[in-house]
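Listing of query20.txt, compact mmCIF, C-alpha atoms and all ligand atoms
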```
# COMPACT_ATOMS: atom_id res chain seq x y z
CA MET A 1145 14.56 3.00 -7.15
CA TYR A 1146 12.48 4.75 -9.76
CA SER A 1147 12.16 8.47 -10.29
CA ASP A 1148 9.09 10.46 -11.22
CA ASP A 1149 9.81 10.84 -14.91
CA LYS A 1150 7.99 9.95 -18.12
CA HIS A 1151 10.00 6.75 -18.48
CA SER A 1152 8.96 5.44 -15.04
CA ARG A 1153 5.33 6.37 -15.67
CA ASP A 1154 5.38 4.59 -19.04
CA LYS A 1155 6.89 1.48 -17.45
CA LEU A 1156 4.11 1.50 -14.85
CA ILE A 1157 1.46 1.76 -17.57
CA GLY A 1158 3.14 -1.02 -19.53
CA THR A 1159 3.01 -3.28 -16.48
CA GLN A 1160 -0.68 -2.54 -15.84
CA GLN A 1161 -1.39 -3.35 -19.49
CA GLN A 1162 0.60 -6.57 -19.18
CA LEU A 1163 -1.61 -7.58 -16.23
CA VAL A 1164 -4.60 -7.39 -18.55
CA ALA A 1165 -2.81 -8.98 -21.54
CA LYS A 1166 -1.69 -11.92 -19.41
CA GLY A 1167 -5.19 -12.48 -18.03
CA LEU A 1168 -4.15 -11.56 -14.49
CA THR A 1169 -6.75 -8.84 -14.17
CA SER A 1170 -9.68 -7.34 -16.01
CA GLY A 1171 -11.60 -4.08 -16.14
CA THR A 1172 -10.20 -1.49 -13.76
CA SER A 1173 -9.18 -3.89 -10.99
CA GLY A 1174 -5.53 -4.54 -10.32
CA ASN A 1175 -3.00 -1.86 -9.48
CA VAL A 1176 0.72 -1.34 -9.76
CA SER A 1177 3.21 0.95 -8.02
CA VAL A 1178 6.90 1.74 -7.83
CA ARG A 1179 8.95 3.32 -5.06
CA THR A 1180 10.46 6.71 -5.86
CA GLY A 1181 12.93 8.88 -3.93
CA THR A 1182 10.10 10.78 -2.23
CA GLY A 1183 7.18 8.33 -2.20
CA MET A 1184 5.63 6.22 -4.90
CA LEU A 1185 4.10 6.30 -8.35
CA ILE A 1186 0.82 4.38 -8.48
CA THR A 1187 -1.93 3.72 -10.99
CA PRO A 1188 -5.09 5.84 -10.54
CA THR A 1189 -8.49 4.51 -9.53
CA GLY A 1190 -11.11 3.79 -12.18
CA VAL A 1191 -9.04 4.19 -15.36
CA ALA A 1192 -8.92 1.19 -17.72
CA ALA A 1193 -5.41 0.01 -18.59
CA ASP A 1194 -5.74 0.66 -22.31
CA THR A 1195 -6.65 4.33 -21.74
CA LEU A 1196 -3.91 5.10 -19.20
CA LYS A 1197 -1.64 8.04 -20.00
CA ALA A 1198 1.53 9.19 -18.25
CA GLU A 1199 -0.28 12.15 -16.67
CA HIS A 1200 -2.85 9.80 -15.08
CA ILE A 1201 -0.20 8.18 -12.89
CA VAL A 1202 -0.28 9.54 -9.33
CA HIS A 1203 2.90 10.57 -7.49
CA MET A 1204 2.20 10.57 -3.75
CA SER A 1205 3.91 10.42 -0.37
CA LEU A 1206 3.89 7.18 1.58
CA ASP A 1207 1.82 8.88 4.32
CA GLY A 1208 -1.01 9.40 1.83
CA THR A 1209 -0.33 13.03 0.94
CA ILE A 1210 -1.20 13.71 -2.69
CA PRO A 1211 0.03 16.92 -4.31
CA ALA A 1212 -2.87 18.79 -5.96
CA GLY A 1213 -3.81 18.50 -9.61
CA GLN A 1214 -3.68 14.72 -9.91
CA LEU A 1215 -6.23 11.95 -10.29
CA SER A 1216 -7.17 9.92 -7.21
CA PRO A 1217 -4.82 6.99 -6.63
CA SER A 1218 -5.91 3.38 -6.55
CA SER A 1219 -8.26 2.77 -3.61
CA GLU A 1220 -5.70 0.19 -2.51
CA TRP A 1221 -2.78 2.67 -2.24
CA GLN A 1222 -2.39 2.06 1.50
CA MET A 1223 -1.13 -1.50 1.09
CA HIS A 1224 1.38 -0.37 -1.54
CA ALA A 1225 2.66 2.46 0.69
CA ASP A 1226 2.97 0.21 3.73
CA VAL A 1227 5.07 -2.30 1.77
CA TYR A 1228 7.57 0.48 0.97
CA LEU A 1229 7.50 1.73 4.57
CA ASN A 1230 8.10 -1.72 6.03
CA LYS A 1231 10.18 -3.67 3.52
CA PRO A 1232 13.86 -3.14 2.60
CA ARG A 1233 14.69 -0.33 0.15
CA GLU A 1234 15.47 -2.93 -2.52
CA VAL A 1235 11.75 -3.71 -2.75
CA THR A 1236 10.76 -1.10 -5.31
CA ALA A 1237 7.67 -2.48 -7.06
CA VAL A 1238 4.28 -3.88 -6.00
CA VAL A 1239 1.70 -5.61 -8.18
CA HIS A 1240 -1.81 -6.34 -6.89
CA CYS A 1241 -4.44 -8.17 -8.91
CA HIS A 1242 -7.50 -10.39 -8.72
CA SER A 1243 -6.06 -13.13 -10.93
CA PRO A 1244 -8.60 -15.96 -11.35
CA TYR A 1245 -7.03 -19.01 -9.70
CA ALA A 1246 -5.26 -17.10 -6.94
CA THR A 1247 -8.60 -15.49 -6.13
CA ILE A 1248 -10.39 -18.86 -6.13
CA LEU A 1249 -7.93 -20.14 -3.52
CA ALA A 1250 -8.13 -16.86 -1.59
CA CYS A 1251 -11.91 -17.25 -1.43
CA ALA A 1252 -11.49 -20.80 -0.13
CA HIS A 1253 -8.87 -19.56 2.40
CA LYS A 1254 -6.27 -21.95 1.02
CA PRO A 1255 -2.62 -20.84 1.11
CA ILE A 1256 -0.54 -22.61 -1.56
CA PRO A 1257 1.68 -25.36 -0.12
CA ALA A 1258 4.97 -26.53 -1.62
CA GLN A 1259 3.41 -29.15 -3.87
CA HIS A 1260 5.64 -27.69 -6.62
CA TYR A 1261 9.18 -26.48 -6.01
CA MET A 1262 8.56 -23.10 -7.70
CA VAL A 1263 6.53 -22.04 -4.64
CA ALA A 1264 10.01 -21.06 -3.44
CA ALA A 1265 9.98 -18.19 -5.95
CA ALA A 1266 8.04 -16.25 -3.28
CA GLY A 1267 10.88 -16.89 -0.84
CA GLY A 1268 9.36 -19.40 1.60
CA TYR A 1269 7.79 -22.80 2.18
CA GLU A 1270 4.34 -21.75 0.99
CA ILE A 1271 2.54 -18.82 -0.56
CA PRO A 1272 0.72 -17.53 2.54
CA LEU A 1273 -2.80 -16.21 2.95
CA ALA A 1274 -3.45 -12.79 4.52
CA ASP A 1275 -6.52 -12.51 6.75
CA TYR A 1276 -9.59 -10.85 5.31
CA ALA A 1277 -10.16 -7.12 5.81
CA THR A 1278 -12.13 -4.54 3.80
CA PHE A 1279 -10.44 -3.46 0.56
CA GLY A 1280 -8.43 -0.26 0.87
CA SER A 1281 -8.35 -0.44 4.69
CA LYS A 1282 -5.40 -0.08 7.04
CA ALA A 1283 -6.46 -3.43 8.54
CA LEU A 1284 -5.98 -5.10 5.15
CA SER A 1285 -2.56 -3.53 4.80
CA GLU A 1286 -1.57 -4.83 8.24
CA ALA A 1287 -2.87 -8.32 7.44
CA ASN A 1288 -0.81 -8.32 4.24
CA LEU A 1289 2.37 -7.25 6.02
CA LYS A 1290 1.93 -10.09 8.50
CA ALA A 1291 1.58 -12.60 5.65
CA LEU A 1292 4.56 -11.04 3.85
CA SER A 1293 6.88 -11.34 6.87
CA ASN A 1294 8.62 -14.36 5.28
CA SER A 1295 7.38 -14.04 1.71
CA SER A 1296 7.47 -11.76 -1.31
CA ALA A 1297 3.90 -12.64 -2.28
CA CYS A 1298 0.64 -13.59 -0.60
CA LEU A 1299 -2.99 -14.35 -1.26
CA LEU A 1300 -5.53 -11.90 0.19
CA ALA A 1301 -8.50 -13.73 1.70
CA ASN A 1302 -11.72 -13.24 -0.29
CA HIS A 1303 -9.90 -10.78 -2.55
CA GLY A 1304 -6.84 -11.61 -4.72
CA GLN A 1305 -3.04 -11.58 -4.56
CA LEU A 1306 -0.09 -9.25 -3.93
CA ALA A 1307 3.46 -9.62 -5.29
CA LEU A 1308 6.59 -7.58 -4.54
CA GLY A 1309 9.70 -7.15 -6.66
CA TYR A 1310 13.09 -5.51 -7.08
CA ASP A 1311 11.68 -3.90 -10.20
CA LEU A 1312 8.40 -3.98 -12.13
CA GLU A 1313 9.49 -6.96 -14.23
CA SER A 1314 10.25 -9.15 -11.21
CA ALA A 1315 7.02 -8.14 -9.41
CA LEU A 1316 4.97 -8.98 -12.50
CA ARG A 1317 6.85 -12.26 -12.98
CA LEU A 1318 6.14 -13.22 -9.37
CA ALA A 1319 2.42 -12.39 -9.76
CA GLU A 1320 2.39 -14.69 -12.79
CA THR A 1321 4.12 -17.44 -10.81
CA VAL A 1322 1.58 -17.10 -7.99
CA GLU A 1323 -1.23 -17.45 -10.51
CA GLU A 1324 0.43 -20.49 -12.13
CA GLN A 1325 0.94 -22.12 -8.73
CA ALA A 1326 -2.67 -21.39 -7.82
CA PHE A 1327 -3.87 -23.00 -11.05
CA TRP A 1328 -1.82 -26.12 -10.40
CA TYR A 1329 -2.93 -26.37 -6.75
CA TRP A 1330 -6.56 -25.95 -7.80
CA GLY A 1331 -6.10 -28.71 -10.38
CA VAL A 1332 -4.42 -31.10 -7.98
CA LEU A 1333 -7.15 -30.51 -5.38
CA ALA A 1334 -9.68 -31.36 -8.10
CA ILE A 1335 -8.16 -34.76 -8.95
CA GLY A 1336 -6.45 -35.93 -5.79
CA THR A 1337 -4.29 -35.09 -2.82
CA PRO A 1338 -1.37 -32.65 -3.15
CA GLN A 1339 1.97 -34.31 -2.38
CA VAL A 1340 3.76 -31.57 -0.50
CA LEU A 1341 7.56 -31.43 -0.60
CA GLN A 1342 9.45 -32.00 2.65
CA ARG A 1343 10.94 -29.01 4.41
CA GLU A 1344 14.48 -30.27 3.68
CA GLN A 1345 13.63 -30.59 -0.02
CA MET A 1346 12.39 -27.01 -0.06
CA ASP A 1347 15.49 -25.88 1.88
CA GLU A 1348 17.58 -27.18 -1.02
CA VAL A 1349 15.46 -25.26 -3.53
CA LEU A 1350 15.57 -22.06 -1.46
CA THR A 1351 19.35 -22.36 -1.15
CA ALA A 1352 19.70 -22.93 -4.89
CA PHE A 1353 17.48 -19.92 -5.63
CA ALA A 1354 19.51 -17.73 -3.26
CA SER A 1355 22.69 -18.47 -5.22
CA TYR A 1356 20.90 -18.36 -8.57
CA GLY A 1357 19.99 -14.71 -8.15
CA GLN A 1358 16.78 -12.72 -7.90
CA GLN A 1359 14.08 -15.33 -8.24
ZN ZN B 1 -8.00 -5.61 -5.02
```

Serialized structure, structure tokens:
Amino acid sequence: MYSDDKHSRDKLIGTQQQLVAKGLTSGTSGNVSVRTGTGMLITPTGVAADTLKAEHIVHMSLDGTIPAGQLSPSSEWQMHADVYLNKPREVTAVVHCHSPYATILACAHKPIPAQHYMVAAAGGYEIPLADYATFGSKALSEANLKALSNSSACLLANHGQLALGYDLESALRLAETVEEQAFWYWGVLAIGTPQVLQREQMDEVLTAFASYGQQ
């Protein structure tokens, strides 16, 4: 749980800047949020990461109420809010971006199978694909929640990816893992046929991850 203080706002800005530095997003796309005691802190719409200041970060209720005197939140605030409304309290950070390889697969409507054991980092047997809906819409948020029912990350059809975490660091790390997995899947599709791990093999990985800690 984060609070609405300068430190939390700075951490949010740092994460948004990391998205750009790591090549996971560019321009003003990509948005980051954290759960607070009374709602969430989220990056504003239309402000480039390198010009973000603490006062630009928007503190809003999960029902969409925005106290006056703030910038407009990311146009994709609904899907962040609905994650906090529907996922356990321990889920306190959400990262959304249009990272290149994840977006390529999302545009081809290809969820990422367990061709590599680290797919289990998202908590399941694949990294699922959420159905397409218009950006910023309630329908998109609902499609994401469906895809996230057994996963901490998903691809968004014709759009990008979404990753959840227990803090900003873990959400960002998972977004990076999704992008890495997407790159590898894209590469394997280019040269041959993915050899997908058996369900029992993935069960072993998932069990090991559960005892290893917060993967
Ligand atoms: Zn987006």

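The residues sitting within 10 Å of ligand ZN 1 (chain B), with all atoms listed in the file considered, come out as Thr1169, Thr1172, Ser1173, Gly1174, Asn1175, Ser1218, Ser1219, Glu1220, His1240, Cys1241, His1242, Ser1243, Thr1247, Thr1278, Phe1279, Gly1280, Leu1300, Asn1302, His1303, Gly1304, Gln1305 and Leu1306 of chain A.
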
Of the listed residues A:Ala1212, A:Tyr1356, A:Gly1158, A:Trp1330, that which approaches Pro1255 of chain A most closely, counting all atoms listed in the file =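 Comparing A:Ala1212, A:Tyr1356, A:Gly1158, A:Trp1330 against Pro1255 of chain A, the winner is A:Trp1330.
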
Which polymer residues have any atom within 7 Å of an atom of Ser1177 of chain A, counting all atoms listed in the file, with same-chain residues fewer than 5 positions away left out, as a PDB file with C-alpha atoms, in the frame of the given file?
```
ATOM      1  CA  LEU A1156       4.110   1.500 -14.850  1.00  0.00           C
ATOM      2  CA  MET A1184       5.630   6.220  -4.900  1.00  0.00           C
ATOM      3  CA  LEU A1185       4.100   6.300  -8.350  1.00  0.00           C
ATOM      4  CA  ILE A1186       0.820   4.380  -8.480  1.00  0.00           C
ATOM      5  CA  THR A1187      -1.930   3.720 -10.990  1.00  0.00           C
ATOM      6  CA  HIS A1224       1.380  -0.370  -1.540  1.00  0.00           C
ATOM      7  CA  ALA A1237       7.670  -2.480  -7.060  1.00  0.00           C
ATOM      8  CA  VAL A1238       4.280  -3.880  -6.000  1.00  0.00           C
ATOM      9  CA  VAL A1239       1.700  -5.610  -8.180  1.00  0.00           C
TER      10      VAL A1239
END
```

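One finds atom CA of Thr1159 of chain A at 27.2 Å from atom CA of Lys1254 of chain A.
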
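The space between atom CA of Pro1272 of chain A and atom CA of Ala1291 of chain A spans 5.9 Å.
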
All residues 10 Å or closer to Glu1199 of chain A, only C-alpha atoms, same chain fewer than 6 positions away omitted, as a ChimeraX atom specification | /A:1150,1153-1154,1214-1215

What gap, in Å, lies between atom CA of Gly1171 of chain A and atom CA of Asp1311 of chain A?
-> 24.0 Å

How big is the axis-aligned box around all listed atoms of segment 1228-1238 of chain A once 5 Å goes on each side, and where's its centre, in Å to one decimal, as lines of an AutoDock Vina configuration file?
```
center_x = 9.9
center_y = -1.1
center_z = -0.5
size_x = 21.2
size_y = 15.6
size_z = 23.1
```

List the spatial neighbours of His1253 of chain A as a compact mmCIF listing (two decimals) with C-alpha atoms, keeping the file's coordinate frame - criterion: any atom at most 9 Å away, all atoms listed in the file, same-chain residues fewer than 2 positions off excluded.
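Below is the file that was written, out21.txt:
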```txt
# COMPACT_ATOMS: atom_id res chain seq x y z
CA ILE A 1248 -10.39 -18.86 -6.13
CA LEU A 1249 -7.93 -20.14 -3.52
CA ALA A 1250 -8.13 -16.86 -1.59
CA CYS A 1251 -11.91 -17.25 -1.43
CA PRO A 1255 -2.62 -20.84 1.11
CA LEU A 1273 -2.80 -16.21 2.95
CA ALA A 1274 -3.45 -12.79 4.52
CA ASP A 1275 -6.52 -12.51 6.75
CA LEU A 1299 -2.99 -14.35 -1.26
CA LEU A 1300 -5.53 -11.90 0.19
CA ALA A 1301 -8.50 -13.73 1.70
CA ASN A 1302 -11.72 -13.24 -0.29
```

Write out N, CA and C atoms for segment 1249-1281 of chain A, as a PDB file, keeping the file's coordinate frame.
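Output saved as rebuild-v5.pdb:
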```pdb
ATOM      1  N   LEU A1249      -8.518 -19.599  -4.743  1.00  0.00           N
ATOM      2  CA  LEU A1249      -7.930 -20.140  -3.520  1.00  0.00           C
ATOM      3  C   LEU A1249      -8.097 -19.178  -2.351  1.00  0.00           C
ATOM      4  N   ALA A1250      -7.972 -17.873  -2.644  1.00  0.00           N
ATOM      5  CA  ALA A1250      -8.130 -16.860  -1.590  1.00  0.00           C
ATOM      6  C   ALA A1250      -9.544 -16.883  -1.025  1.00  0.00           C
ATOM      7  N   CYS A1251     -10.519 -17.180  -1.880  1.00  0.00           N
ATOM      8  CA  CYS A1251     -11.910 -17.250  -1.430  1.00  0.00           C
ATOM      9  C   CYS A1251     -12.181 -18.530  -0.645  1.00  0.00           C
ATOM     10  N   ALA A1252     -11.363 -19.548  -0.884  1.00  0.00           N
ATOM     11  CA  ALA A1252     -11.490 -20.800  -0.130  1.00  0.00           C
ATOM     12  C   ALA A1252     -10.557 -20.800   1.089  1.00  0.00           C
ATOM     13  N   HIS A1253      -9.843 -19.696   1.296  1.00  0.00           N
ATOM     14  CA  HIS A1253      -8.870 -19.560   2.400  1.00  0.00           C
ATOM     15  C   HIS A1253      -7.837 -20.680   2.369  1.00  0.00           C
ATOM     16  N   LYS A1254      -7.276 -20.907   1.170  1.00  0.00           N
ATOM     17  CA  LYS A1254      -6.270 -21.950   1.020  1.00  0.00           C
ATOM     18  C   LYS A1254      -4.931 -21.361   0.586  1.00  0.00           C
ATOM     19  N   PRO A1255      -3.974 -21.220   1.520  1.00  0.00           N
ATOM     20  CA  PRO A1255      -2.620 -20.840   1.110  1.00  0.00           C
ATOM     21  C   PRO A1255      -2.051 -21.953   0.220  1.00  0.00           C
ATOM     22  N   ILE A1256      -1.055 -21.620  -0.608  1.00  0.00           N
ATOM     23  CA  ILE A1256      -0.540 -22.610  -1.560  1.00  0.00           C
ATOM     24  C   ILE A1256       0.676 -23.320  -0.955  1.00  0.00           C
ATOM     25  N   PRO A1257       0.550 -24.629  -0.703  1.00  0.00           N
ATOM     26  CA  PRO A1257       1.680 -25.360  -0.120  1.00  0.00           C
ATOM     27  C   PRO A1257       2.733 -25.674  -1.175  1.00  0.00           C
ATOM     28  N   ALA A1258       3.864 -26.217  -0.716  1.00  0.00           N
ATOM     29  CA  ALA A1258       4.970 -26.530  -1.620  1.00  0.00           C
ATOM     30  C   ALA A1258       4.718 -27.864  -2.318  1.00  0.00           C
ATOM     31  N   GLN A1259       3.650 -27.935  -3.084  1.00  0.00           N
ATOM     32  CA  GLN A1259       3.410 -29.150  -3.870  1.00  0.00           C
ATOM     33  C   GLN A1259       4.253 -29.087  -5.139  1.00  0.00           C
ATOM     34  N   HIS A1260       4.743 -27.896  -5.483  1.00  0.00           N
ATOM     35  CA  HIS A1260       5.640 -27.690  -6.620  1.00  0.00           C
ATOM     36  C   HIS A1260       6.798 -26.830  -6.138  1.00  0.00           C
ATOM     37  N   TYR A1261       8.011 -27.165  -6.589  1.00  0.00           N
ATOM     38  CA  TYR A1261       9.180 -26.480  -6.010  1.00  0.00           C
ATOM     39  C   TYR A1261       9.191 -24.979  -6.271  1.00  0.00           C
ATOM     40  N   MET A1262       8.505 -24.529  -7.364  1.00  0.00           N
ATOM     41  CA  MET A1262       8.560 -23.100  -7.700  1.00  0.00           C
ATOM     42  C   MET A1262       7.788 -22.211  -6.711  1.00  0.00           C
ATOM     43  N   VAL A1263       7.098 -22.833  -5.742  1.00  0.00           N
ATOM     44  CA  VAL A1263       6.530 -22.040  -4.640  1.00  0.00           C
ATOM     45  C   VAL A1263       7.643 -21.214  -3.988  1.00  0.00           C
ATOM     46  N   ALA A1264       8.863 -21.752  -4.039  1.00  0.00           N
ATOM     47  CA  ALA A1264      10.010 -21.060  -3.440  1.00  0.00           C
ATOM     48  C   ALA A1264      10.320 -19.725  -4.112  1.00  0.00           C
ATOM     49  N   ALA A1265       9.760 -19.474  -5.285  1.00  0.00           N
ATOM     50  CA  ALA A1265       9.980 -18.190  -5.950  1.00  0.00           C
ATOM     51  C   ALA A1265       9.501 -17.020  -5.077  1.00  0.00           C
ATOM     52  N   ALA A1266       8.533 -17.307  -4.189  1.00  0.00           N
ATOM     53  CA  ALA A1266       8.040 -16.250  -3.280  1.00  0.00           C
ATOM     54  C   ALA A1266       8.904 -16.162  -2.030  1.00  0.00           C
ATOM     55  N   GLY A1267       9.904 -17.026  -1.917  1.00  0.00           N
ATOM     56  CA  GLY A1267      10.880 -16.890  -0.840  1.00  0.00           C
ATOM     57  C   GLY A1267      10.669 -17.762   0.382  1.00  0.00           C
ATOM     58  N   GLY A1268       9.602 -18.586   0.398  1.00  0.00           N
ATOM     59  CA  GLY A1268       9.360 -19.400   1.600  1.00  0.00           C
ATOM     60  C   GLY A1268       8.842 -20.776   1.278  1.00  0.00           C
ATOM     61  N   TYR A1269       8.251 -21.415   2.289  1.00  0.00           N
ATOM     62  CA  TYR A1269       7.790 -22.800   2.180  1.00  0.00           C
ATOM     63  C   TYR A1269       6.354 -22.908   1.665  1.00  0.00           C
ATOM     64  N   GLU A1270       5.692 -21.782   1.546  1.00  0.00           N
ATOM     65  CA  GLU A1270       4.340 -21.750   0.990  1.00  0.00           C
ATOM     66  C   GLU A1270       4.071 -20.335   0.511  1.00  0.00           C
ATOM     67  N   ILE A1271       3.008 -20.166  -0.244  1.00  0.00           N
ATOM     68  CA  ILE A1271       2.540 -18.820  -0.560  1.00  0.00           C
ATOM     69  C   ILE A1271       1.411 -18.560   0.430  1.00  0.00           C
ATOM     70  N   PRO A1272       1.658 -17.663   1.412  1.00  0.00           N
ATOM     71  CA  PRO A1272       0.720 -17.530   2.540  1.00  0.00           C
ATOM     72  C   PRO A1272      -0.562 -16.791   2.173  1.00  0.00           C
ATOM     73  N   LEU A1273      -1.501 -16.863   3.093  1.00  0.00           N
ATOM     74  CA  LEU A1273      -2.800 -16.210   2.950  1.00  0.00           C
ATOM     75  C   LEU A1273      -2.923 -15.117   4.004  1.00  0.00           C
ATOM     76  N   ALA A1274      -3.203 -13.888   3.571  1.00  0.00           N
ATOM     77  CA  ALA A1274      -3.450 -12.790   4.520  1.00  0.00           C
ATOM     78  C   ALA A1274      -4.911 -12.829   4.951  1.00  0.00           C
ATOM     79  N   ASP A1275      -5.149 -12.524   6.225  1.00  0.00           N
ATOM     80  CA  ASP A1275      -6.520 -12.510   6.750  1.00  0.00           C
ATOM     81  C   ASP A1275      -7.377 -11.505   5.987  1.00  0.00           C
ATOM     82  N   TYR A1276      -8.673 -11.755   5.984  1.00  0.00           N
ATOM     83  CA  TYR A1276      -9.590 -10.850   5.310  1.00  0.00           C
ATOM     84  C   TYR A1276      -9.723  -9.521   6.046  1.00  0.00           C
ATOM     85  N   ALA A1277      -9.772  -8.438   5.293  1.00  0.00           N
ATOM     86  CA  ALA A1277     -10.160  -7.120   5.810  1.00  0.00           C
ATOM     87  C   ALA A1277     -10.709  -6.349   4.609  1.00  0.00           C
ATOM     88  N   THR A1278     -11.492  -5.310   4.870  1.00  0.00           N
ATOM     89  CA  THR A1278     -12.130  -4.540   3.800  1.00  0.00           C
ATOM     90  C   THR A1278     -11.088  -3.956   2.843  1.00  0.00           C
ATOM     91  N   PHE A1279     -11.380  -3.989   1.559  1.00  0.00           N
ATOM     92  CA  PHE A1279     -10.440  -3.460   0.560  1.00  0.00           C
ATOM     93  C   PHE A1279     -10.106  -2.002   0.880  1.00  0.00           C
ATOM     94  N   GLY A1280      -8.852  -1.650   0.651  1.00  0.00           N
ATOM     95  CA  GLY A1280      -8.430  -0.260   0.870  1.00  0.00           C
ATOM     96  C   GLY A1280      -8.209   0.126   2.317  1.00  0.00           C
ATOM     97  N   SER A1281      -8.436  -0.814   3.266  1.00  0.00           N
ATOM     98  CA  SER A1281      -8.350  -0.440   4.690  1.00  0.00           C
ATOM     99  C   SER A1281      -6.936  -0.631   5.231  1.00  0.00           C
TER     100      SER A1281
END
```
